[in-house]
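Asks: Contents of run-v3.txt (compact mmCIF, C-alpha atoms) are given next:
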```txt
# COMPACT_ATOMS: atom_id res chain seq x y z
CA MET A 73 -20.34 -19.19 5.54
CA ILE A 74 -16.74 -20.23 6.20
CA GLU A 75 -15.90 -23.89 6.58
CA PHE A 76 -12.61 -25.43 7.69
CA GLN A 77 -12.52 -29.18 6.99
CA ASP A 78 -9.54 -30.82 8.72
CA ALA A 79 -7.45 -27.86 7.58
CA SER A 80 -3.87 -27.91 8.83
CA VAL A 81 -0.84 -25.79 7.97
CA VAL A 82 2.78 -26.89 7.96
CA ALA A 83 5.53 -24.24 7.84
CA PRO A 84 7.04 -24.20 4.33
CA GLY A 85 10.15 -26.36 3.96
CA THR A 86 9.76 -27.88 7.43
CA THR A 87 7.64 -30.45 9.23
CA VAL A 88 6.58 -27.93 11.88
CA ARG A 89 2.80 -27.75 12.15
CA ILE A 90 1.59 -24.17 12.61
CA LEU A 91 -2.05 -25.25 12.68
CA GLU A 92 -3.25 -28.69 13.70
CA PRO A 93 -6.09 -30.26 11.66
CA THR A 94 -9.05 -27.99 12.37
CA THR A 95 -12.73 -28.40 11.55
CA LEU A 96 -14.91 -25.34 12.08
CA THR A 97 -17.96 -23.70 10.58
CA LEU A 98 -18.15 -19.93 11.01
CA ALA A 99 -21.62 -18.57 10.31
CA GLU A 100 -22.01 -15.96 13.07
CA ARG A 101 -21.93 -12.25 12.13
CA ARG A 102 -19.14 -11.45 14.60
CA VAL A 103 -16.44 -13.97 15.41
CA ALA A 104 -13.38 -13.13 17.51
CA ILE A 105 -10.19 -15.19 17.56
CA ILE A 106 -8.01 -14.75 20.64
CA GLY A 107 -4.90 -16.50 21.94
CA ALA A 108 -1.25 -16.11 22.84
CA ASN A 109 1.35 -14.84 20.36
CA GLY A 110 2.28 -17.64 17.97
CA SER A 111 -0.80 -19.71 18.82
CA GLY A 112 -2.04 -19.85 15.21
CA LYS A 113 -4.63 -17.04 15.25
CA SER A 114 -3.29 -15.21 12.21
CA THR A 115 -2.76 -18.45 10.29
CA LEU A 116 -6.41 -19.36 10.89
CA ALA A 117 -7.46 -15.90 9.67
CA ARG A 118 -5.19 -15.99 6.62
CA LEU A 119 -6.63 -19.33 5.55
CA ILE A 120 -9.99 -17.63 5.05
CA ASN A 121 -9.00 -15.52 2.05
CA GLY A 122 -6.32 -17.82 0.70
CA LEU A 123 -3.30 -15.84 1.88
CA VAL A 124 -2.26 -19.17 3.42
CA LEU A 125 -3.36 -22.41 1.81
CA PRO A 126 -4.04 -25.50 3.91
CA SER A 127 -1.34 -28.19 3.78
CA THR A 128 -4.06 -30.78 4.35
CA GLY A 129 -7.84 -30.52 4.35
CA SER A 130 -9.73 -27.62 2.86
CA VAL A 131 -11.20 -24.19 3.55
CA THR A 132 -14.30 -23.00 1.72
CA VAL A 133 -16.05 -19.64 1.71
CA ASP A 134 -19.68 -19.74 0.58
CA GLY A 135 -18.89 -23.07 -1.05
CA ARG A 136 -15.78 -21.81 -2.91
CA ASP A 137 -12.53 -23.58 -2.17
CA THR A 138 -9.67 -21.20 -1.32
CA ARG A 139 -7.22 -23.40 -3.21
CA ARG A 140 -9.19 -23.92 -6.42
CA ASP A 141 -11.04 -20.60 -6.59
CA ALA A 142 -8.66 -18.21 -4.84
CA ALA A 143 -9.43 -15.11 -6.92
CA ALA A 144 -13.20 -15.42 -6.38
CA VAL A 145 -12.70 -16.03 -2.65
CA ARG A 146 -10.52 -12.92 -2.35
CA ARG A 147 -13.18 -10.85 -4.09
CA SER A 148 -15.67 -11.79 -1.39
CA VAL A 149 -13.27 -11.72 1.59
CA GLY A 150 -11.63 -8.40 2.47
CA PHE A 151 -8.56 -8.49 4.70
CA LEU A 152 -7.43 -5.82 7.14
CA PHE A 153 -3.85 -6.04 8.41
CA THR A 154 -2.37 -4.92 11.74
CA ASP A 155 -0.09 -2.37 10.07
CA PRO A 156 -1.99 -0.55 7.32
CA SER A 157 1.21 0.97 5.88
CA ALA A 158 1.99 -2.14 3.85
CA GLN A 159 -1.60 -2.26 2.59
CA LEU A 160 -1.63 1.27 1.19
CA ILE A 161 -0.01 1.36 -2.23
CA MET A 162 -0.87 4.67 -3.86
CA PRO A 163 0.41 8.11 -2.77
CA THR A 164 -2.93 9.70 -1.84
CA ALA A 165 -5.99 8.40 -0.02
CA ALA A 166 -8.36 8.74 -2.98
CA GLU A 167 -5.92 7.10 -5.39
CA ASP A 168 -5.46 4.16 -3.06
CA VAL A 169 -9.20 3.49 -2.82
CA ALA A 170 -9.48 4.00 -6.60
CA LEU A 171 -6.84 1.29 -7.08
CA SER A 172 -9.19 -1.21 -5.42
CA LEU A 173 -11.83 -0.21 -7.97
CA ARG A 174 -9.70 -0.61 -11.12
CA ARG A 175 -11.16 -4.02 -11.89
CA THR A 176 -14.81 -3.06 -11.58
CA VAL A 177 -15.02 0.62 -12.55
CA LYS A 178 -13.44 1.52 -15.88
CA GLY A 179 -14.12 5.25 -16.15
CA LYS A 180 -11.54 7.44 -14.41
CA GLY A 181 -14.09 10.03 -13.25
CA GLU A 182 -16.53 7.37 -12.14
CA ARG A 183 -13.75 5.64 -10.22
CA ALA A 184 -12.71 8.90 -8.52
CA SER A 185 -16.32 9.55 -7.44
CA ALA A 186 -16.72 6.02 -6.10
CA ALA A 187 -13.43 6.37 -4.20
CA LEU A 188 -14.55 9.65 -2.67
CA ALA A 189 -17.88 8.10 -1.67
CA ALA A 190 -16.03 5.22 0.00
CA LEU A 191 -13.85 7.70 1.89
CA GLU A 192 -16.87 9.72 2.96
CA SER A 193 -18.62 6.60 4.24
CA ILE A 194 -15.90 6.13 6.85
CA GLY A 195 -15.38 9.80 7.69
CA LEU A 196 -12.31 10.51 5.54
CA GLY A 197 -14.15 12.52 2.89
CA ASP A 198 -11.86 15.52 3.37
CA LYS A 199 -8.67 13.44 3.10
CA GLY A 200 -8.95 12.35 -0.53
CA SER A 201 -5.99 14.34 -1.83
CA VAL A 202 -3.91 13.94 1.33
CA SER A 203 -0.73 11.87 1.12
CA VAL A 204 -1.03 8.54 2.94
CA HIS A 205 2.18 9.49 4.77
CA ALA A 206 0.48 12.52 6.26
CA LEU A 207 -2.34 10.47 7.81
CA SER A 208 -2.26 9.31 11.42
CA GLY A 209 -2.12 5.59 12.23
CA GLY A 210 -5.85 5.56 12.91
CA GLN A 211 -6.66 7.36 9.67
CA ARG A 212 -4.45 4.92 7.74
CA GLN A 213 -6.33 2.00 9.22
CA LEU A 214 -9.62 3.63 8.22
CA LEU A 215 -8.25 4.20 4.73
CA ALA A 216 -7.24 0.54 4.50
CA LEU A 217 -10.79 -0.35 5.56
CA ALA A 218 -12.22 1.98 2.90
CA GLY A 219 -10.09 0.26 0.25
CA VAL A 220 -11.40 -3.11 1.40
CA LEU A 221 -15.05 -2.02 1.62
CA ALA A 222 -14.98 -0.27 -1.76
CA VAL A 223 -15.09 -3.60 -3.60
CA GLY A 224 -18.10 -4.81 -1.61
CA PRO A 225 -16.88 -7.98 0.11
CA SER A 226 -19.34 -10.12 2.07
CA ILE A 227 -16.79 -11.02 4.75
CA ILE A 228 -14.11 -8.91 6.47
CA VAL A 229 -11.17 -10.62 8.14
CA ALA A 230 -9.28 -8.26 10.45
CA ASP A 231 -5.93 -9.36 11.87
CA GLU A 232 -5.39 -7.28 15.03
CA PRO A 233 -6.62 -4.09 13.34
CA THR A 234 -6.42 -1.98 16.50
CA THR A 235 -3.16 -3.23 18.03
CA LEU A 236 -1.13 -0.22 16.82
CA LEU A 237 -3.80 2.37 17.62
CA ASP A 238 -4.34 4.63 20.62
CA LEU A 239 -7.47 4.27 22.74
CA ARG A 240 -9.51 6.83 20.80
CA TRP A 241 -8.76 5.35 17.36
CA ARG A 242 -9.19 1.84 18.74
CA ALA A 243 -12.72 2.73 19.86
CA HIS A 244 -13.43 4.38 16.51
CA VAL A 245 -12.25 1.42 14.41
CA ASP A 246 -14.05 -1.02 16.74
CA ALA A 247 -17.27 0.95 16.34
CA LEU A 248 -16.89 1.00 12.54
CA LEU A 249 -16.27 -2.75 12.39
CA ALA A 250 -19.22 -3.35 14.71
CA GLY A 251 -21.50 -1.34 12.44
CA LEU A 252 -20.65 -3.19 9.22
CA ASP A 253 -23.26 -5.30 7.47
CA GLN A 254 -20.61 -7.86 6.55
CA GLN A 255 -19.61 -10.90 8.56
CA VAL A 256 -16.49 -9.88 10.52
CA ILE A 257 -13.82 -12.29 11.73
CA GLU A 258 -11.45 -10.41 14.02
CA VAL A 259 -8.17 -11.62 15.46
CA THR A 260 -7.57 -9.58 18.58
CA HIS A 261 -5.79 -9.24 21.89
CA ASP A 262 -8.47 -6.80 23.02
CA LEU A 263 -10.68 -8.84 25.34
CA ASP A 264 -13.30 -6.07 25.47
CA ALA A 265 -13.68 -6.28 21.69
CA ALA A 266 -13.78 -10.09 21.89
CA SER A 267 -16.51 -9.87 24.53
CA ARG A 268 -18.77 -8.09 22.05
CA ALA A 269 -18.54 -10.91 19.49
CA ASP A 270 -21.22 -13.54 18.94
CA ARG A 271 -18.64 -16.29 19.19
CA VAL A 272 -15.04 -16.47 20.40
CA ILE A 273 -12.41 -19.01 19.40
CA VAL A 274 -9.41 -19.42 21.69
CA MET A 275 -6.26 -20.69 20.01
CA GLU A 276 -3.38 -22.39 21.80
CA SER A 277 -0.34 -24.10 20.24
CA GLY A 278 -1.96 -24.32 16.80
CA SER A 279 -5.23 -25.81 18.02
CA VAL A 280 -8.64 -24.55 19.01
CA ALA A 281 -8.51 -24.65 22.81
CA PHE A 282 -11.99 -23.26 23.36
CA ASP A 283 -14.89 -22.31 21.11
CA GLY A 284 -18.02 -20.72 22.48
CA LYS A 285 -19.71 -17.67 23.95
CA PRO A 286 -17.49 -14.68 24.80
CA ARG A 287 -17.73 -14.81 28.58
CA ALA A 288 -16.73 -18.48 28.86
CA ALA A 289 -14.09 -18.09 26.14
CA VAL A 290 -12.41 -15.11 27.79
CA ALA A 291 -12.38 -16.99 31.11
CA ALA A 292 -10.80 -20.00 29.38
CA TYR A 293 -8.20 -17.73 27.77
CA ARG A 294 -7.35 -16.14 31.13
CA ARG A 295 -6.92 -19.61 32.65
CA LEU A 296 -4.63 -20.60 29.78
CA MET A 297 -2.51 -17.48 30.18
CA ALA A 298 -2.26 -18.05 33.92
CA GLY A 299 -0.97 -21.53 33.16
CA THR A 300 -3.67 -23.31 35.12
CA MET B 205 7.91 11.61 1.58
CA GLY B 206 10.47 12.72 -1.04
CA LEU B 207 9.42 13.74 -4.53
CA PHE B 208 6.64 11.21 -4.83
CA GLY B 209 3.10 11.67 -3.63
CA LEU B 210 3.20 15.36 -4.56
CA TYR B 211 0.11 15.24 -6.76
CA ARG B 212 -2.66 17.59 -5.67
CA GLU B 213 -5.97 18.06 -7.39
CA ARG B 214 -5.89 21.46 -9.13
CA HIS B 215 -7.41 22.99 -12.25
CA THR B 216 -4.29 24.16 -14.06
CA PRO B 217 -3.53 23.68 -17.79
CA LEU B 218 -0.92 21.00 -16.96
CA HIS B 219 -3.42 19.13 -14.77
CA ARG B 220 -5.82 19.09 -17.72
CA ALA B 221 -3.18 17.91 -20.22
CA PRO B 222 -3.12 14.15 -20.92
CA ALA B 223 -0.41 12.15 -19.15
CA TRP B 224 1.09 10.89 -22.42
CA ALA B 225 1.57 14.46 -23.71
CA LYS B 226 3.35 15.48 -20.51
CA MET B 227 5.61 12.43 -20.59
CA LEU B 228 6.41 13.04 -24.26
CA GLY B 229 7.13 16.70 -23.49
CA LEU B 230 9.47 15.65 -20.68
CA VAL B 231 11.41 13.31 -22.96
CA LEU B 232 11.69 15.97 -25.71
CA ALA B 233 12.78 18.59 -23.17
CA ALA B 234 15.47 16.26 -21.81
CA ALA B 235 16.73 15.69 -25.37
CA TRP B 236 16.75 19.46 -26.02
CA LEU B 237 18.70 20.13 -22.80
CA ALA B 238 21.27 17.49 -23.68
CA TRP B 239 21.68 18.94 -27.19
CA CYS B 240 21.75 22.63 -26.28
CA THR B 241 25.06 23.86 -24.82
CA VAL B 242 24.47 27.61 -25.08
CA PRO B 243 24.33 28.93 -21.48
CA ALA B 244 21.78 31.64 -22.31
CA TRP B 245 19.39 29.07 -23.77
CA SER B 246 19.94 26.72 -20.80
CA VAL B 247 19.13 29.51 -18.35
CA ALA B 248 16.05 30.45 -20.37
CA SER B 249 14.97 26.78 -20.33
CA ALA B 250 15.43 26.67 -16.57
CA LEU B 251 13.26 29.77 -16.14
CA VAL B 252 10.54 28.23 -18.31
CA ALA B 253 10.76 24.99 -16.30
CA ILE B 254 10.43 26.90 -13.01
CA ALA B 255 7.42 28.78 -14.40
CA LEU B 256 5.82 25.51 -15.54
CA LEU B 257 6.34 23.98 -12.11
CA ALA B 258 4.88 27.07 -10.42
CA SER B 259 1.88 26.93 -12.76
CA THR B 260 0.89 23.54 -11.26
CA LEU B 261 0.54 25.17 -7.81
CA PRO B 262 2.57 22.46 -6.05
CA PRO B 263 2.49 22.00 -2.25
CA LEU B 264 5.28 24.32 -1.10
CA GLY B 265 6.86 22.45 1.82
CA PRO B 266 7.18 18.95 0.29
CA THR B 267 8.25 20.42 -3.07
CA LEU B 268 11.02 22.48 -1.50
CA ARG B 269 12.18 19.50 0.56
CA GLY B 270 12.49 17.54 -2.67
CA VAL B 271 14.09 20.31 -4.74
CA VAL B 272 16.70 21.60 -2.28
CA PRO B 273 19.02 18.53 -2.39
CA VAL B 274 18.98 18.66 -6.21
CA LEU B 275 19.76 22.39 -6.14
CA VAL B 276 22.72 21.67 -3.85
CA ILE B 277 24.00 19.08 -6.35
CA ALA B 278 23.47 21.55 -9.22
CA ALA B 279 25.36 24.28 -7.33
CA ALA B 280 28.20 21.91 -6.45
CA THR B 281 28.48 20.70 -10.06
CA GLY B 282 28.46 24.28 -11.33
CA ALA B 283 31.02 25.36 -8.74
CA TYR B 284 33.33 22.49 -9.70
CA GLN B 285 33.19 23.45 -13.39
CA LEU B 286 33.79 27.08 -12.47
CA TRP B 287 36.84 26.02 -10.45
CA GLN B 288 38.01 24.09 -13.52
CA GLY B 289 37.80 27.37 -15.42
CA ASP B 290 34.81 26.61 -17.64
CA ALA B 291 32.15 29.16 -16.71
CA ARG B 292 29.98 28.34 -19.78
CA LEU B 293 29.80 24.64 -18.86
CA ALA B 294 29.17 25.55 -15.20
CA VAL B 295 26.11 27.63 -16.07
CA ASP B 296 24.89 25.10 -18.65
CA LEU B 297 25.10 22.10 -16.31
CA ALA B 298 23.57 23.87 -13.29
CA ALA B 299 20.71 25.24 -15.40
CA ASP B 300 20.07 21.80 -16.97
CA PHE B 301 19.85 20.21 -13.50
CA VAL B 302 17.30 22.80 -12.43
CA SER B 303 15.33 22.41 -15.67
CA LEU B 304 15.11 18.63 -15.40
CA ILE B 305 14.05 18.53 -11.77
CA CYS B 306 11.46 21.28 -12.24
CA LEU B 307 9.99 19.67 -15.36
CA SER B 308 9.87 16.26 -13.68
CA LEU B 309 8.14 17.79 -10.68
CA ALA B 310 5.71 19.65 -12.92
CA VAL B 311 4.67 16.27 -14.39
CA THR B 312 4.55 14.59 -10.95
CA THR B 313 2.49 17.30 -9.29
CA SER B 314 -0.02 17.47 -12.13
CA THR B 315 -0.46 13.74 -12.90
CA PRO B 316 -2.23 11.29 -10.59
CA LEU B 317 -0.37 8.02 -10.20
CA ASP B 318 -3.49 6.26 -11.47
CA GLU B 319 -3.00 8.03 -14.85
CA SER B 320 0.70 7.21 -14.91
CA MET B 321 -0.18 3.57 -14.25
CA GLY B 322 -2.62 3.69 -17.16
CA LEU B 323 0.13 5.13 -19.36
CA VAL B 324 2.64 2.44 -18.33
CA SER B 325 -0.03 -0.18 -18.90
CA ALA B 326 -0.84 1.20 -22.38
CA ALA B 327 2.84 1.49 -23.29
CA ALA B 328 3.40 -2.14 -22.25
CA ARG B 329 0.46 -3.44 -24.26
CA PRO B 330 2.59 -4.48 -27.28
CA LEU B 331 4.53 -6.73 -24.85
CA ARG B 332 1.37 -8.34 -23.44
CA ARG B 333 2.29 -11.78 -24.80
CA TRP B 334 5.23 -11.85 -22.40
CA ILE B 335 4.39 -9.38 -19.59
CA PRO B 336 0.86 -8.57 -18.33
CA PRO B 337 0.62 -4.74 -18.80
CA GLU B 338 -1.51 -4.26 -15.65
CA ALA B 339 1.08 -6.18 -13.65
CA LEU B 340 3.79 -3.89 -15.03
CA ALA B 341 1.73 -0.83 -14.04
CA LEU B 342 1.35 -2.28 -10.54
CA VAL B 343 5.11 -2.82 -10.31
CA PHE B 344 5.59 0.81 -11.39
CA SER B 345 3.33 2.16 -8.64
CA LEU B 346 4.82 -0.20 -6.05
CA THR B 347 8.32 0.98 -6.90
CA ILE B 348 7.29 4.57 -6.37
CA ARG B 349 5.46 3.68 -3.16
CA ALA B 350 8.43 1.70 -1.82
CA LEU B 351 10.99 4.52 -2.09
CA PRO B 352 9.83 6.56 0.92
CA GLU B 353 9.29 3.37 2.93
CA LEU B 354 12.85 2.22 2.22
CA THR B 355 14.17 5.66 3.15
CA ARG B 356 12.27 5.43 6.45
CA ILE B 357 13.60 1.92 7.14
CA LEU B 358 17.17 3.07 6.48
CA ALA B 359 16.78 6.14 8.72
CA GLU B 360 15.31 4.08 11.56
CA SER B 361 18.04 1.43 11.25
CA ARG B 362 20.70 4.15 11.31
CA ASP B 363 19.12 5.69 14.46
CA ALA B 364 18.95 2.25 16.10
CA ALA B 365 22.65 1.65 15.32
CA ARG B 366 23.52 5.09 16.73
CA SER B 367 21.54 4.45 19.89
CA ARG B 368 23.68 1.34 20.48
CA GLY B 369 26.86 3.35 19.89
CA LEU B 370 27.50 1.64 16.54
CA ASP B 371 27.60 4.79 14.39
CA ARG B 372 30.61 3.61 12.43
CA SER B 373 29.44 0.06 11.77
CA PRO B 374 27.80 -0.30 8.33
CA ARG B 375 26.82 -3.84 9.30
CA ALA B 376 24.81 -2.60 12.30
CA MET B 377 22.74 -0.47 9.94
CA LEU B 378 22.58 -2.52 6.74
CA ILE B 379 21.67 -5.93 8.20
CA PRO B 380 18.57 -4.74 10.12
CA ALA B 381 17.65 -2.52 7.16
CA GLY B 382 17.96 -5.50 4.79
CA VAL B 383 15.90 -7.77 7.04
CA ARG B 384 13.21 -5.12 7.48
CA THR B 385 13.15 -4.44 3.74
CA VAL B 386 12.50 -8.12 3.05
CA GLY B 387 9.82 -8.07 5.78
CA TYR B 388 8.24 -5.01 4.17
CA ALA B 389 8.32 -6.67 0.74
CA LEU B 390 6.61 -9.78 2.14
CA ALA B 391 3.97 -7.66 3.90
CA VAL B 392 3.27 -5.71 0.70
CA GLY B 393 3.06 -8.99 -1.23
CA ASP B 394 0.51 -10.28 1.27
CA ALA B 395 -1.47 -7.05 1.05
CA ILE B 396 -1.52 -7.12 -2.75
CA THR B 397 -2.70 -10.72 -2.70
CA ALA B 398 -5.31 -9.97 -0.04
CA ARG B 399 -6.67 -7.02 -2.04
CA GLY B 400 -6.94 -9.27 -5.07
CA LEU B 401 -4.68 -6.93 -7.07
CA ALA B 402 -2.33 -9.71 -8.18
CA ASP B 403 -5.23 -11.83 -9.50
CA GLU B 404 -6.64 -8.70 -11.07
CA ALA B 405 -3.44 -7.61 -12.82
CA VAL B 406 -3.25 -10.92 -14.63
CA SER B 407 -6.96 -11.25 -15.41
CA VAL B 408 -7.40 -7.63 -16.52
CA SER B 409 -4.43 -7.98 -18.84
CA ARG B 410 -6.05 -11.01 -20.41
CA ARG B 411 -9.62 -9.72 -20.64
CA GLY B 412 -9.51 -5.94 -20.34
CA PRO B 413 -11.29 -4.09 -17.50
CA VAL B 414 -14.80 -5.15 -16.52
CA ARG B 415 -17.49 -2.59 -17.21
CA ARG B 416 -19.90 -2.04 -14.37
```
The structure given in the file should be rewritten as structure tokens.
Replies:
Amino acid sequence: MIEFQDASVVAPGTTVRILEPTTLTLAERRVAIIGANGSGKSTLARLINGLVLPSTGSVTVDGRDTRRDAAAVRRSVGFLFTDPSAQLIMPTAAEDVALSLRRTVKGKGERASAALAALESIGLGDKGSVSVHALSGGQRQLLALAGVLAVGPSIIVADEPTTLLDLRWRAHVDALLAGLDQQVIEVTHDLDAASRADRVIVMESGSVAFDGKPRAAVAAYRRLMAGT
Amino acid sequence: MGLFGLYRERHTPLHRAPAWAKMLGLVLAAAWLAWCTVPAWSVASALVAIALLASTLPPLGPTLRGVVPVLVIAAATGAYQLWQGDARLAVDLAADFVSLICLSLAVTTSTPLDESMGLVSAAARPLRRWIPPEALALVFSLTIRALPELTRILAESRDAARSRGLDRSPRAMLIPAGVRTVGYALAVGDAITARGLADEAVSVSRRGPVRR
């Protein structure tokens, strides 16, 4: 369970508030965060695994504070970025997944097998020795997901994971995320994807403008965007 | 992609050799090439290096794309020495260039980066009081990973400058390239933090890897 307790974020070196004091409890399996560009969606998502620390208040994940216990929080919260290129560090797909496993699996052979299994689980079993540069955008996003899933997190935070993908890959990644056992918090501009969530949070100017069921939330978002 | 990311899983003798032995061999070969100035020996060394590279069964296209620019430099260097009237030095230098690039590629194509990271980490262990070895290994792999990205950023910035008719303005290319490079570095930093690799590099260095 993720809990925001009066968590706010001020831009470093300024007094500009990116996120107003926010109190939320996220316990649903699928939560979507929607809103205009610059409304604070990504900041809210980044608070969950400690990529951004709250300027005031606190954020806890399963009772662990992201400020005091950052490493443990990051082990249980996987993060998927919009552009997977920055997330992929090693030259080949299998090596990149194996890098995620360096902490937990010592043996080289064992690590290679676990990496291959992780790739197979998301349909990239035949891409293990392929250079990450040779993969398509969709395949790179899947690879990034494999690297995240390999360490067995209980929560996945995805920051616009399908924004750069074509329709086919978008549907594929959406389906994969929908089928995960983990709790998934997804920042998205895709209102169809948001409509499939259990709960949708609408952000506007650094605050939660609406929080509720998808249908009502999407309607509220449309009203906000129309300026009414 | 350049010369990095050329590793392919194969079952050749060099693939089976430990990373430290290959690195040591590379250092010794470089020392031998610097010491030896007999053209016949340099040419023989180049032939051996080419054979070693071929024995790793490298991917043809990417390997050639990486080798050709170095061959051009070798040919130009040799041609310059020939023009200066020193045929022996021309052959020696050109052959040494070819030897070094082929030997380096033979190591790259037969050694997974994971193993190289392990080697860097092991080599840095005596310095662990000052620098976490796992962190150093991560820096090593990030440096290698960043090279093709930086090349791509530069190429895209150059194309953008050209499309605005600013072909001759270094500023029009270098400023966007610099800004994007910083952006890329920040994004990679975020990704490393999000994957827990930064926490890991420090904790593994202190405790050693966790056994499952």
Asks: Would you kindly return, as a tab-separated table (two decimals) with C-alpha atoms, in the frame of the given file, each protein, DNA or RNA residue with an atom no farther than 8 Å from any atom of region 134-140 of chain A, considering only C-alpha atoms and excluding same-chain residues fewer than 4 positions away?
Replies:
```tsv
chain	number	residue	atom	x	y	z
A	73	MET	CA	-20.34	-19.19	5.54
A	74	ILE	CA	-16.74	-20.23	6.20
A	119	LEU	CA	-6.63	-19.33	5.55
A	120	ILE	CA	-9.99	-17.63	5.05
A	121	ASN	CA	-9.00	-15.52	2.05
A	122	GLY	CA	-6.32	-17.82	0.70
A	125	LEU	CA	-3.36	-22.41	1.81
A	130	SER	CA	-9.73	-27.62	2.86
A	144	ALA	CA	-13.20	-15.42	-6.38
A	145	VAL	CA	-12.70	-16.03	-2.65
```
Asks: At a cut-off of 9 Å around the point (-17.8, -15.9, 5.9) (file coordinates), what residues fall inside when counting all atoms listed in the file? I'd like the answer as a list in words.
Replies: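 Those residues lying close to the given coordinates are Met73, Ile74, Glu75, Leu98, Ala99, Glu100, Arg101, Ile120, Thr132, Val133, Asp134, Ser148, Val149, Ser226, Ile227, Ile228, Val229, Gln254, Gln255, Val256 and Ile257 of chain A.
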Asks: Could you check which of A:Arg242, A:Ala266, A:Ala158, A:Gly278 is closest to Val82 (chain A), using all atoms listed in the file?
Replies: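 The closest residue to Val82 (chain A) is A:Gly278.
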Asks: What are the residues of chain A lining chain B at 9 Å or less? Count all atoms listed in the file, and put the answer as a PyMOL selection string.
Replies: chain A and resi 118+121-123+142-144+146-147+149-153+157-164+167-168+170-172+174-180+201-206+219-220
Asks: Please report the interatomic distance between CA of Ala248 (chain B) and CA of Pro273 (chain B) in Å with one decimal.
Replies: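 Computed distance, CA of Ala248 (chain B) to CA of Pro273 (chain B), equals 21.8 Å.
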Asks: Could you tell me which of B:Ala233, B:Ala223, B:Arg214, B:Arg384 comes closest to Val324 (chain B) if we count all atoms listed in the file?
Replies: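 The closest residue to Val324 (chain B) is B:Ala223.
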Asks: Any idea what's packed within 10 Å of Leu251 (chain B), counting all atoms listed in the file, ignoring anything in its chain fewer than 5 positions away? Could you give it as a list in words?
Replies: Trp245, Ser246, Leu256, Leu257, Ala299, Val302, Ser303 and Cys306 of chain B
Asks: Keeping C-alpha atoms for every residue in the selection just given, could you write it to a file as a PDB file, keeping the file's coordinate frame?
Replies:
```pdb
ATOM      1  CA  TRP B 245      19.390  29.070 -23.770  1.00  0.00           C
ATOM      2  CA  SER B 246      19.940  26.720 -20.800  1.00  0.00           C
ATOM      3  CA  LEU B 256       5.820  25.510 -15.540  1.00  0.00           C
ATOM      4  CA  LEU B 257       6.340  23.980 -12.110  1.00  0.00           C
ATOM      5  CA  ALA B 299      20.710  25.240 -15.400  1.00  0.00           C
ATOM      6  CA  VAL B 302      17.300  22.800 -12.430  1.00  0.00           C
ATOM      7  CA  SER B 303      15.330  22.410 -15.670  1.00  0.00           C
ATOM      8  CA  CYS B 306      11.460  21.280 -12.240  1.00  0.00           C
TER       9      CYS B 306
END
```
Asks: Please report the interatomic distance between CA of Ala291 (chain B) and CA of Cys240 (chain B) in Å with one decimal.
Replies: 15.6 Å
Asks: Give me, please, the distance in Å between CA of Thr87 (chain A) and CA of Gly107 (chain A), quoted to one decimal.
Replies: 22.7 Å
Asks: Just want the 12 Å neighbourhood of Ala280 (chain B), counted on all atoms listed in the file, with same-chain residues fewer than 4 positions away dropped. Output as a ChimeraX atom specification.
Replies: /B:273-276,284-287,294-295,297-298,301
Asks: From the options B:Leu237, B:Leu261, B:Val247, B:Leu232, which residue's atoms come nearest to His215 (chain B), counting only C-alpha atoms?
Replies: B:Leu261
Asks: Report, as lines of an AutoDock Vina configuration file, the axis-aligned box around all atoms of region 150-155 of chain A present in the file, extended by 3 Å on each side; give centre and edge lengths in Å to one decimal place.
Replies:
```
center_x = -5.9
center_y = -5.4
center_z = 7.1
size_x = 17.5
size_y = 12.1
size_z = 15.3
```
Asks: So that I can see what lies close to Ala327 (chain B), please list as an MDAnalysis selection string the residues with an atom at most 10 Å from it, counting all atoms listed in the file and leaving out residues fewer than 4 positions away in the same chain.
Replies: chainID B and resid 224 321:323 331:332 337 340:341
Asks: Can you list, as a list in words, every protein, DNA or RNA residue that comes within 9 Å of region 364-367 of chain B when you count all atoms listed in the file, leaving out same-chain residues fewer than 5 positions away?
Replies: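 Counting only the stated atoms, we get Ala359, Arg372, Ser373, Pro374, Ala376 and Met377 of chain B.
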Asks: At a cut-off of 6 Å from (9.8, 20.3, -8.0) in the coordinates of the file, what residues are picked up using all atoms listed in the file, written as an mmCIF file with C-alpha atoms, in the frame of the given file?
Replies:
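So point-v1.cif came out as:
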```cif
data_model
loop_
_atom_site.group_PDB
_atom_site.id
_atom_site.type_symbol
_atom_site.label_atom_id
_atom_site.label_comp_id
_atom_site.auth_asym_id
_atom_site.auth_seq_id
_atom_site.Cartn_x
_atom_site.Cartn_y
_atom_site.Cartn_z
ATOM 1 C CA THR B 267 8.250 20.420 -3.070
ATOM 2 C CA VAL B 271 14.090 20.310 -4.740
ATOM 3 C CA ILE B 305 14.050 18.530 -11.770
ATOM 4 C CA CYS B 306 11.460 21.280 -12.240
ATOM 5 C CA LEU B 309 8.140 17.790 -10.680
#
```
